[in-house]
Every structure is written in structure tokens, then in C-alpha cells.
>>> print(open('data-v4.cif').read())   # mmCIF, C-alpha atoms
data_final
#
loop_
_atom_site.label_atom_id
_atom_site.label_comp_id
_atom_site.auth_asym_id
_atom_site.auth_seq_id
_atom_site.Cartn_x
_atom_site.Cartn_y
_atom_site.Cartn_z
CA MET I 25 117.57 115.03 93.90
CA ASP I 26 119.32 112.60 96.15
CA LEU I 27 118.55 109.17 96.83
CA PHE I 28 119.86 105.80 97.72
CA TYR I 29 120.53 102.77 99.72
CA VAL I 30 119.29 102.29 103.19
CA ASN I 31 119.30 99.68 105.86
CA THR I 32 115.76 98.46 106.43
CA ASN I 33 116.50 97.84 110.10
CA ILE I 34 116.68 101.56 110.83
CA GLY I 35 113.54 102.47 112.75
CA PHE I 36 112.49 105.54 110.78
CA ARG I 37 108.94 106.77 110.75
CA ALA I 38 109.35 109.11 107.80
CA LYS I 39 112.17 110.72 109.77
CA PRO I 40 114.84 112.84 108.09
CA ILE I 41 116.96 110.77 105.71
CA PRO I 42 120.68 110.57 106.59
CA MET I 43 122.82 112.98 104.58
CA ASN I 44 125.15 110.26 103.33
CA ILE I 45 122.20 108.61 101.59
CA LEU I 46 120.95 111.90 100.17
CA ASN I 47 124.37 112.85 98.88
CA LYS I 48 124.93 109.44 97.31
CA THR I 49 121.63 109.64 95.44
CA LYS I 50 122.36 113.15 94.27
CA SER I 51 125.81 112.32 92.97
CA GLU I 52 124.58 109.14 91.27
CA LEU I 53 121.69 110.78 89.43
CA LEU I 54 123.19 114.16 88.63
CA ASN I 55 126.43 112.70 87.28
CA LYS I 56 127.12 114.29 83.87
CA ASP I 57 127.38 110.83 82.30
CA VAL I 58 123.83 110.01 83.35
CA ARG I 59 121.52 111.31 80.64
CA ASN I 60 118.53 108.95 80.50
CA ILE I 61 116.60 107.89 83.61
CA ASP I 62 113.58 105.60 83.93
CA ILE I 63 111.23 105.84 86.91
CA TYR I 64 109.24 102.70 87.76
CA CYS I 65 105.77 102.86 89.32
CA HIS I 66 104.23 99.70 90.71
CA ALA I 67 101.62 97.63 88.88
CA SER I 68 98.03 98.81 89.44
CA ALA I 69 99.44 102.28 89.98
CA ASP I 70 97.95 104.45 92.70
CA GLU I 71 98.25 108.09 93.74
CA ASP I 72 101.28 107.52 95.96
CA THR I 73 103.46 105.87 93.32
CA ILE I 74 102.32 108.22 90.51
CA ASN I 75 102.75 111.45 92.45
CA SER I 76 106.14 110.30 93.74
CA ALA I 77 107.18 109.66 90.13
CA LYS I 78 105.89 113.02 88.91
CA VAL I 79 107.80 115.05 91.48
CA PHE I 80 110.95 113.02 91.03
CA ALA I 81 110.68 113.35 87.24
CA ASP I 82 110.21 117.13 87.44
CA TRP I 83 113.29 117.47 89.64
CA LEU I 84 115.47 115.41 87.32
CA THR I 85 114.12 117.11 84.20
CA SER I 86 115.02 120.49 85.70
CA LYS I 87 118.59 119.19 85.92
CA GLY I 88 118.70 118.41 82.21
CA LYS I 89 117.94 114.69 82.41
CA LYS I 90 115.68 112.86 79.97
CA VAL I 91 113.14 111.03 82.11
CA SER I 92 110.61 108.32 81.25
CA ILE I 93 107.98 106.95 83.62
CA CYS I 94 107.40 103.19 83.43
CA THR I 95 103.68 102.74 83.94
CA PRO I 96 101.02 101.46 81.49
CA GLU I 97 98.90 104.34 80.22
CA ASN I 98 95.67 102.38 80.62
CA GLU I 99 96.26 102.13 84.40
CA ILE I 100 96.56 105.85 85.14
CA LYS I 101 93.62 107.46 83.34
CA GLU I 102 91.92 108.66 86.53
CA LEU I 103 95.04 109.37 88.55
CA TYR I 104 96.52 112.79 89.25
CA ILE I 105 98.83 112.98 86.22
CA ASN I 106 98.82 114.76 82.86
CA THR I 107 99.94 112.13 80.36
CA GLN I 108 100.57 114.87 77.79
CA LYS I 109 103.33 116.32 79.97
CA TYR I 110 105.11 113.25 81.28
CA ASN I 111 106.99 110.91 78.99
CA LEU I 112 105.70 107.37 79.46
CA LYS I 113 108.11 104.57 78.55
CA TYR I 114 107.28 102.72 75.34
CA SER I 115 110.69 101.57 74.09
CA ASN I 116 113.04 98.85 75.37
CA THR I 117 116.02 101.19 75.48
CA ILE I 118 118.07 100.57 78.61
CA PRO I 119 118.55 103.83 80.58
CA ASP I 120 121.68 105.01 82.38
CA LYS I 121 119.82 104.81 85.70
CA SER I 122 116.52 103.39 86.92
CA ILE I 123 114.52 104.56 89.94
CA VAL I 124 111.91 102.40 91.68
CA LEU I 125 109.31 104.28 93.73
CA ASP I 126 106.77 102.92 96.22
CA PHE I 127 107.56 99.22 95.86
CA ASN I 128 110.43 96.78 96.23
CA ALA I 129 108.94 93.36 95.42
CA GLU I 130 109.10 91.56 92.09
CA GLU I 131 105.36 90.88 92.12
CA ARG I 132 104.64 94.63 92.06
CA LEU I 133 106.68 95.12 88.88
CA SER I 134 104.42 95.71 85.88
CA ASP I 135 104.54 92.84 83.38
CA LYS I 136 105.02 95.38 80.60
CA TYR I 137 108.42 96.42 81.95
CA LYS I 138 109.81 93.24 83.48
CA ASP I 139 112.11 92.37 80.58
CA LEU I 140 113.46 95.92 80.49
CA PHE I 141 114.03 96.05 84.24
CA TYR I 142 115.98 92.80 84.38
CA GLN I 143 118.33 94.02 81.68
CA ASN I 144 119.50 96.73 84.08
CA LYS I 145 122.56 96.21 86.23
CA SER I 146 121.98 96.25 90.00
CA GLU I 147 124.38 99.16 90.48
CA ASN I 148 122.24 101.29 88.15
CA ILE I 149 119.00 100.81 90.10
CA ILE I 150 117.90 103.02 93.00
CA GLY I 151 114.76 102.58 95.06
CA TYR I 152 112.70 104.51 97.61
CA ASP I 153 109.91 102.69 99.34
CA HIS I 154 107.89 102.20 102.54
CA HIS I 155 106.84 98.55 102.17
CA THR I 156 108.43 95.76 104.20
CA PRO I 157 110.91 93.79 102.05
CA THR I 158 110.03 90.21 101.16
CA SER I 159 112.01 87.27 99.80
CA SER I 160 111.22 88.58 96.30
CA LYS I 161 112.93 91.94 96.81
CA LEU I 162 114.10 93.59 93.59
CA LYS I 163 117.78 94.01 92.85
CA GLY I 164 119.29 97.44 93.37
CA ASP I 165 120.12 99.90 96.16
CA PHE I 166 116.97 100.64 98.12
CA TYR I 167 116.16 103.10 100.88
CA ILE I 168 113.27 101.42 102.67
CA ASP I 169 111.50 103.04 105.60
CA ASP I 170 108.78 100.49 106.31
CA SER I 171 107.36 102.50 109.20
CA ALA I 172 106.62 105.47 106.93
CA LYS I 173 103.03 105.68 105.75
CA SER I 174 103.62 106.82 102.17
CA CYS I 175 106.36 107.12 99.58
CA CYS I 176 105.38 110.75 99.06
CA GLY I 177 106.13 111.29 102.75
CA ILE I 178 109.61 109.83 102.27
CA LEU I 179 110.21 112.07 99.27
CA THR I 180 109.06 115.09 101.28
CA ARG I 181 111.90 114.26 103.68
CA PHE I 182 114.18 113.65 100.73
CA PHE I 183 113.80 117.13 99.23
CA ASP I 184 113.77 118.76 102.64
CA GLY I 185 117.06 117.06 103.49
CA LEU I 186 118.63 118.38 100.30
CA GLY I 187 117.40 121.87 101.01
CA ILE I 188 115.38 121.95 97.79
CA LYS I 189 112.45 124.38 97.82
CA LEU I 190 109.50 122.61 96.22
CA SER I 191 107.10 124.39 93.91
CA LYS I 192 103.44 124.69 94.80
CA LYS I 193 102.68 122.09 92.12
CA ALA I 194 105.16 119.61 93.63
CA ARG I 195 103.82 120.12 97.16
CA LYS I 196 100.28 119.57 95.91
CA SER I 197 101.33 116.35 94.16
CA LEU I 198 103.13 115.00 97.24
CA TYR I 199 100.17 115.96 99.40
CA CYS I 200 97.79 114.09 97.08
CA GLY I 201 99.85 110.91 97.23
CA MET I 202 100.35 111.17 100.98
CA VAL I 203 96.69 111.80 101.80
CA SER I 204 95.65 108.93 99.52
CA ASP I 205 97.85 106.47 101.41
CA TYR I 206 96.98 107.99 104.80
CA LYS I 207 93.32 107.37 103.99
CA LYS I 208 94.07 103.73 103.20
CA SER I 209 95.89 103.28 106.51
CA GLY I 210 93.22 105.07 108.53
CA LEU I 211 95.47 107.97 109.55
CA VAL I 212 93.03 110.54 108.19
CA LYS I 213 89.34 110.67 107.38
CA ILE I 214 87.82 112.92 104.73
CA THR I 215 84.18 113.97 104.88
CA SER I 216 82.21 116.23 102.56
CA GLU I 217 79.20 118.49 102.91
CA ASN I 218 77.76 120.65 100.16
CA GLY I 219 80.87 120.22 98.04
CA LYS I 220 83.25 121.23 100.82
CA TYR I 221 85.64 118.69 102.26
CA THR I 222 87.04 118.32 105.76
CA ILE I 223 90.06 116.24 106.71
CA THR I 224 90.41 114.86 110.22
CA LYS I 225 93.48 113.33 111.83
CA THR I 226 92.74 110.06 113.59
CA GLU I 227 94.34 108.80 116.80
CA LYS I 228 96.52 106.62 114.62
CA LEU I 229 98.14 109.70 113.07
CA LEU I 230 98.24 111.70 116.29
CA ASN I 231 100.24 108.87 117.86
CA ASP I 232 102.75 108.81 114.99
CA LYS I 233 104.62 112.10 115.38
CA ASN I 234 106.83 111.70 112.31
CA SER I 235 104.02 110.80 109.93
CA GLN I 236 102.09 113.72 111.40
CA GLU I 237 105.07 116.02 110.96
CA VAL I 238 105.44 115.39 107.22
CA PHE I 239 101.67 115.70 106.82
CA ASP I 240 101.60 119.05 108.64
CA LYS I 241 104.53 120.30 106.58
CA LEU I 242 102.63 119.85 103.31
CA ASP I 243 99.18 120.62 104.71
CA SER I 244 100.24 124.02 106.02
CA SER I 245 101.88 124.96 102.71
CA LEU I 246 98.65 124.74 100.68
CA THR I 247 95.55 126.90 100.68
CA ASN I 248 92.17 125.51 101.67
CA GLU I 249 91.05 125.78 98.05
CA GLU I 250 94.06 123.80 96.82
CA LYS I 251 93.54 121.11 99.44
CA ASN I 252 89.82 120.94 98.67
CA ARG I 253 90.65 120.17 95.01
CA VAL I 254 92.91 117.33 96.16
CA TYR I 255 90.21 115.92 98.45
CA LYS I 256 87.64 116.10 95.64
CA HIS I 257 90.00 114.25 93.31
CA LEU I 258 90.48 111.58 95.99
CA ASP I 259 86.71 111.07 96.24
CA PRO I 260 85.84 108.93 93.20
CA LEU I 261 82.79 107.58 95.05
CA SER I 262 81.13 110.95 94.36
CA ARG I 263 81.58 110.35 90.62
CA LEU I 264 80.21 106.82 90.21
CA ASN I 265 78.02 106.01 87.21
CA HIS I 266 74.89 103.84 87.39
CA ASP I 267 76.68 100.51 86.97
CA GLU I 268 79.39 101.42 89.49
CA LYS I 269 76.73 102.39 92.06
CA LEU I 270 74.96 99.09 91.40
CA LEU I 271 78.23 97.20 91.88
CA ARG I 272 78.95 98.97 95.16
CA LYS I 273 75.51 98.15 96.52
CA ARG I 274 75.86 94.50 95.50
CA LEU I 275 79.31 94.08 97.02
CA PHE I 276 78.08 95.12 100.47
CA ALA I 277 75.11 92.76 100.09
CA ASP I 278 77.44 89.90 99.09
CA LEU I 279 79.71 90.22 102.14
CA LYS I 280 80.12 86.94 104.01
CA VAL I 281 81.71 86.06 107.35
CA SER I 282 84.21 83.35 108.24
CA PRO I 283 82.96 80.61 110.63
CA ASN I 284 84.74 82.17 113.62
CA GLY I 285 83.22 85.57 112.87
CA LYS I 286 86.55 87.44 112.75
CA MET I 287 86.93 87.89 109.02
CA ALA I 288 84.48 89.27 106.47
CA TYR I 289 85.05 88.70 102.79
CA VAL I 290 83.47 89.43 99.43
CA VAL I 291 84.13 87.37 96.30
CA VAL I 292 83.76 88.82 92.81
CA PRO I 293 83.70 85.74 90.54
CA PRO I 294 86.24 85.89 87.70
CA ASP I 295 83.43 85.71 85.10
CA ASP I 296 81.25 88.34 86.80
CA ILE I 297 79.47 90.31 84.06
CA LEU I 298 78.93 93.54 86.02
CA TRP I 299 82.57 93.60 87.18
CA GLN I 300 83.69 93.27 83.57
CA LYS I 301 81.21 95.91 82.44
CA VAL I 302 82.67 98.57 84.76
CA GLY I 303 86.21 97.81 83.62
CA MET I 304 87.24 95.40 86.40
CA ASP I 305 90.12 96.88 88.42
CA THR I 306 89.92 100.65 87.90
CA PRO I 307 90.59 103.60 90.24
CA LYS I 308 86.86 103.78 90.95
CA THR I 309 86.34 100.08 91.64
CA SER I 310 89.53 100.09 93.71
CA GLU I 311 88.05 102.88 95.84
CA ILE I 312 84.75 101.00 96.11
CA LEU I 313 86.52 97.90 97.45
CA LYS I 314 88.82 99.91 99.71
CA ASP I 315 85.88 101.84 101.19
CA LEU I 316 84.12 98.58 101.93
CA ARG I 317 87.18 97.00 103.55
CA VAL I 318 88.01 100.02 105.70
CA LYS I 319 84.47 100.67 106.92
CA VAL I 320 83.70 97.08 107.85
CA SER I 321 87.09 96.36 109.44
CA GLU I 322 86.97 99.52 111.57
CA ASN I 323 83.41 99.14 112.87
CA SER I 324 80.85 97.05 111.02
CA GLN I 325 78.06 98.26 113.30
CA ASN I 326 78.32 101.78 111.88
CA VAL I 327 78.14 100.75 108.22
CA SER I 328 74.81 101.93 106.82
CA GLN I 329 75.09 99.69 103.73
CA LEU I 330 74.89 96.53 105.87
CA SER I 331 71.64 94.88 106.90
CA ASN I 332 70.88 94.26 110.58
CA GLU I 333 71.43 90.54 109.99
CA GLN I 334 74.87 91.23 108.50
CA LYS I 335 75.80 93.55 111.36
CA ASN I 336 74.87 90.88 113.87
CA LYS I 337 77.10 88.35 112.12
CA MET I 338 79.95 90.85 111.76
CA LYS I 339 80.06 92.30 115.27
CA ASN I 340 83.45 90.65 115.92
CA VAL I 341 84.97 91.25 112.46
CA ASP I 342 88.35 92.97 112.41
CA THR I 343 89.70 91.85 109.02
CA VAL I 344 88.10 92.21 105.59
CA ILE I 345 89.27 90.71 102.29
CA ALA I 346 88.02 91.46 98.79
CA PHE I 347 88.69 88.94 96.01
CA TYR I 348 88.45 90.15 92.41
CA ARG I 349 89.77 89.74 88.88
CA LYS I 350 92.28 91.95 87.05
CA ASP I 351 92.86 90.87 83.46
CA ASP I 352 94.27 87.30 83.63
CA GLU I 353 95.05 87.45 87.37
CA TYR I 354 92.88 86.89 90.40
CA ARG I 355 93.64 89.22 93.28
CA MET I 356 92.82 89.91 96.89
CA SER I 357 93.17 92.99 99.07
CA ILE I 358 93.08 92.98 102.89
CA HIS I 359 92.39 95.57 105.56
CA SER I 360 92.81 94.58 109.19
CA ARG I 361 92.19 96.55 112.38
CA THR I 362 94.28 94.07 114.35
CA ASN I 363 97.24 94.01 111.93
CA SER I 364 96.66 90.43 110.80
CA ALA I 365 97.12 91.02 107.05
CA ILE I 366 100.71 89.82 106.76
CA ARG I 367 100.15 87.00 109.26
CA LEU I 368 97.33 85.66 107.09
CA ILE I 369 99.47 85.88 103.96
CA ASP I 370 102.44 84.19 105.64
CA TYR I 371 100.28 81.35 106.92
CA VAL I 372 98.76 80.71 103.48
CA LYS I 373 102.18 80.78 101.82
CA GLU I 374 103.78 78.46 104.37
CA ASN I 375 100.95 75.97 104.82
CA LEU I 376 98.43 76.10 101.98
CA ASN I 377 99.75 77.65 98.79
CA PRO I 378 103.44 78.57 98.41
CA ASP I 379 102.80 79.87 94.89
CA ILE I 380 100.69 82.89 95.80
CA ILE I 381 102.31 86.28 95.27
CA ALA I 382 101.50 88.67 98.10
CA GLY I 383 102.83 91.29 100.49
CA GLY I 384 102.24 94.73 101.97
CA HIS I 385 101.74 96.13 105.45
CA ALA I 386 100.55 94.60 108.71
CA ASP I 387 97.23 96.44 108.48
CA ARG I 388 96.73 96.33 104.70
CA ALA I 389 98.13 94.08 102.02
CA GLY I 390 97.38 92.41 98.73
CA GLY I 391 98.20 89.42 96.59
CA LYS I 392 97.36 87.45 93.48
CA ILE I 393 97.48 84.19 91.58
CA ASP I 394 98.18 83.96 87.85
CA SER I 395 94.95 82.20 87.02
CA VAL I 396 91.25 82.99 86.68
CA SER I 397 89.96 79.42 86.53
CA LYS I 398 87.09 78.60 88.87
CA LYS I 399 89.07 75.84 90.58
CA ASP I 400 92.13 78.00 91.27
CA THR I 401 90.23 81.08 92.36
CA MET I 402 88.03 79.17 94.79
CA LYS I 403 91.10 77.54 96.34
CA PHE I 404 92.63 81.02 96.65
CA VAL I 405 89.55 82.23 98.53
CA ASN I 406 89.20 79.12 100.71
CA ASP I 407 92.87 79.18 101.72
CA PHE I 408 92.40 82.58 103.35
CA ILE I 409 89.16 81.49 105.02
CA LYS I 410 91.03 78.49 106.48
CA ALA I 411 93.89 80.70 107.63
CA SER I 412 91.47 83.07 109.37
CA GLU I 413 90.10 80.14 111.37
CA ILE I 414 93.53 79.17 112.66
CA LEU I 415 95.15 82.54 113.41
#
>>> encode(input="data-v4.cif", output="C-alpha cells")
Amino acid sequence: MDLFYVNTNIGFRAKPIPMNILNKTKSELLNKDVRNIDIYCHASADEDTINSAKVFADWLTSKGKKVSICTPENEIKELYINTQKYNLKYSNTIPDKSIVLDFNAEERLSDKYKDLFYQNKSENIIGYDHHTPTSSKLKGDFYIDDSAKSCCGILTRFFDGLGIKLSKKARKSLYCGMVSDYKKSGLVKITSENGKYTITKTEKLLNDKNSQEVFDKLDSSLTNEEKNRVYKHLDPLSRLNHDEKLLRKRLFADLKVSPNGKMAYVVVPPDDILWQKVGMDTPKTSEILKDLRVKVSENSQNVSQLSNEQKNKMKNVDTVIAFYRKDDEYRMSIHSRTNSAIRLIDYVKENLNPDIIAGGHADRAGGKIDSVSKKDTMKFVNDFIKASEIL
């Protein structure tokens, strides 16, 4: 596989990757002196980062490399990965090369692997990502296409550019990661009826020819049955237990609106018993919160889970934030129809709390504080409410 360095000012939209970058990556990673390679997934791993890592690992393993994936096992239990097949990193042995996939910011680096990562030399680190760089960008040579809509989409271009024919398994993995991120960004919608799923391209995807092109490339290479299995896997809401269903219902009921009516938000207190009972931040609860944010930000009037009183208050809402606890951190995730996510974060950082750790895309982003005290978490929430009143 090839990989490497890219100027973030290049206006790609998951376009073909320049050959000089591909060839540099290939020569760096397939060098005979490179034997051990670590692949880093971001903290709170999702389908895009995990499936990118799987396909990259399979390619390198086929070339005789020993590959380890740096992701905590407890974070990937419900993701599309067989932990019996892939070697997760447990030691502190420094590899010959490290690859970072689907993130570039220090705050997305898993705490478990921070010490190991910072022992690496910059020249031995390669990254592929689609998130806008921040002031906390990781060291190393990164190819960053921040107009691409998924890392799996970038890797589809990567293998295509090298002329590598992907296996059915690899195409299915890349498709899973891509569709997962496309759902988050509102490029596709997936509906189900009697166990059969249908995927629909939205105007957002139809107006982005390059993102559509990489989607069509993978979509057309899989059978309807194969794609249906992917869609079912990406539908954890159909597999909720009693407590998770209760949580979902309560979260919609707890939605509040900022004074100017433009932002809706839900706060899960750090000591919330039900949140702790369901495991706090899991793939299922992540999907519950994402579903809430997307539905309400797109059109609150069509959300069946909202009361008529809520709909009346939320008729002008375009941005939705969920605040919740993960272990000893308090986090927030934003979806915005009007691309205000990064503007809100920037305002809070510059004017209210320079210590928050946050970043992402214009339409969806996330952040955290390293505290779960009532005082700190309420300030975290109120800072974003204040910002929404000003912007």
C-alpha cells in the first residue's frame, strides 16, 4: 500500500491521490527494513477508523509485515472487526513505522497509546485523514483531504491509485466504514421494512460528485445481500435492550432549547444511573445520540419522538448538541444543518474556555473536558449555550 504526506490546502473531495504521494507511502512501508508496523485508530473508535485499519492491516500483512492495531479492545466489541484475527497492540514496543488513520489531532489519540506514540520519531509516522487540522495536529507526514467524507473513501482512492485489486472482504469493510460516516454527514439515509434495508442518496451526496463516485465504486461491487448485511450491522437501534430503549425515550423527552431557539441540547448528568447502567459511551448509545442529533437538526417537525410542545419550541432549531460522560471525561457531540459546529467550538475556545479539547467538521464535531465534576460539566454545557446566543 502507498501512503503519505499531503498538503491540506489541496481541494480534494476524495479525488484520486497524486502518484508521488502513493509511491512515497509504498516505498516507505514496503521497505525491507520495515518489519513491524502499528496502525492507530482514534479514541472512541467508530466504523470508519476500524475498517480503514482492517483493510490497511490486511494489505501490509500480505506483504509480510507484522501489524498491530492500536485500539482498546473494550471500545470495539460491537464494531465490524474480528478481534481473534487482528493483532491488537498490548506491548510498548516501538515499531519501525506507525500509521494514523481517520484522525490527526492529539485529543483523538487514545490515552492507552499516548506514551508509545510520542516515543516514535516524526519521520516514522504516516497519516491518512479527512478531518480539518487543528493547532493540536499530531507529528508525522499526513495526507489530509478535509473535503472527503470518510477515511474509507480516501483509502478506496489509495488502493485504486496503486492499481491494487481489493478482495470482496476488503470492499465490504471499506463500504461499511464509508456508509457509516456518510450516514453521520447526511449523505445517505437507510430505511428498513420487514428486515430489508434501502439506502437513499441525499441531495448532499448528489451534489458532491467525488464522494458519490467513491460510493458508487464500492456500492456497485457488492451484491444486494452483502450490502443488506452491512446496513443491518449499521442499525444498532434495531437491537436495543429494555434499558437502552428507555434511555432513548428519555433523551428525546429531556431535549431543551437555547433562548434564541436555534440550538437544541440534551444533558446526560455525569452521575446519571441509567447512563451508567447501559455502559455509558457504547456503539449503541453513540447511535442513539447521533440519531437524535441528526433527526432534530435536519427537521424537528418530522421527529415522532418529540411532543407538540417541543416541536413548537424547536421549529427554528438547526444545531443539536448532546452532552454525556465517558469514563472520567465529559463530552459533547454536535450536528448542525447550517455548519455552525466548528464556529461554536472556536467561539467557546477563544472567549469562554480555552482548555476544552474539541474539533471535527463544520456540520458535525465533538469535544471534551477532563473532568466529571458537577461544576465543570455545567460550565461546559453553559458555555455552548452562551455561544449559541451570540453566533
>>> closest_residue(input="data-v4.cif", among="I:Leu313, I:Gln236, I:Val281, I:Asp120", to="I:Lys335", atoms="all atoms listed in the file")
I:Val281
>>> closest_residue(input="data-v4.cif", among="I:Met356, I:Ile414, I:Ile178, I:Met304", to="I:Gly391", atoms="all atoms listed in the file")
I:Met356
>>> atom_distance(input="data-v4.cif", atom1="atom CA of I:Ala386", atom2="atom CA of I:Ile366")
5.2 Å
>>> residues_around(input="data-v4.cif", residues="I:Val302", least_positions_apart="6", cutoff="8 Å", atoms="all atoms listed in the file", output="PDB file with C-alpha atoms, in the coordinates of the input")
ATOM      1  CA  ASP I 267      76.680 100.510  86.970  1.00  0.00           C
ATOM      2  CA  GLU I 268      79.390 101.420  89.490  1.00  0.00           C
ATOM      3  CA  THR I 309      86.340 100.080  91.640  1.00  0.00           C
TER       4      THR I 309
END
>>> residues_near_point(input="data-v4.cif", point="(83.2, 87.6, 87.2)", cutoff="12 Å", atoms="only C-alpha atoms", output="list in words")
Leu271, Val291, Val292, Pro293, Pro294, Asp295, Asp296, Ile297, Leu298, Trp299, Gln300, Lys301, Val302, Gly303, Met304, Asp305, Phe347, Tyr348, Arg349, Lys350, Asp351, Asp352, Glu353, Tyr354, Val396, Ser397, Lys398 and Thr401 of chain I
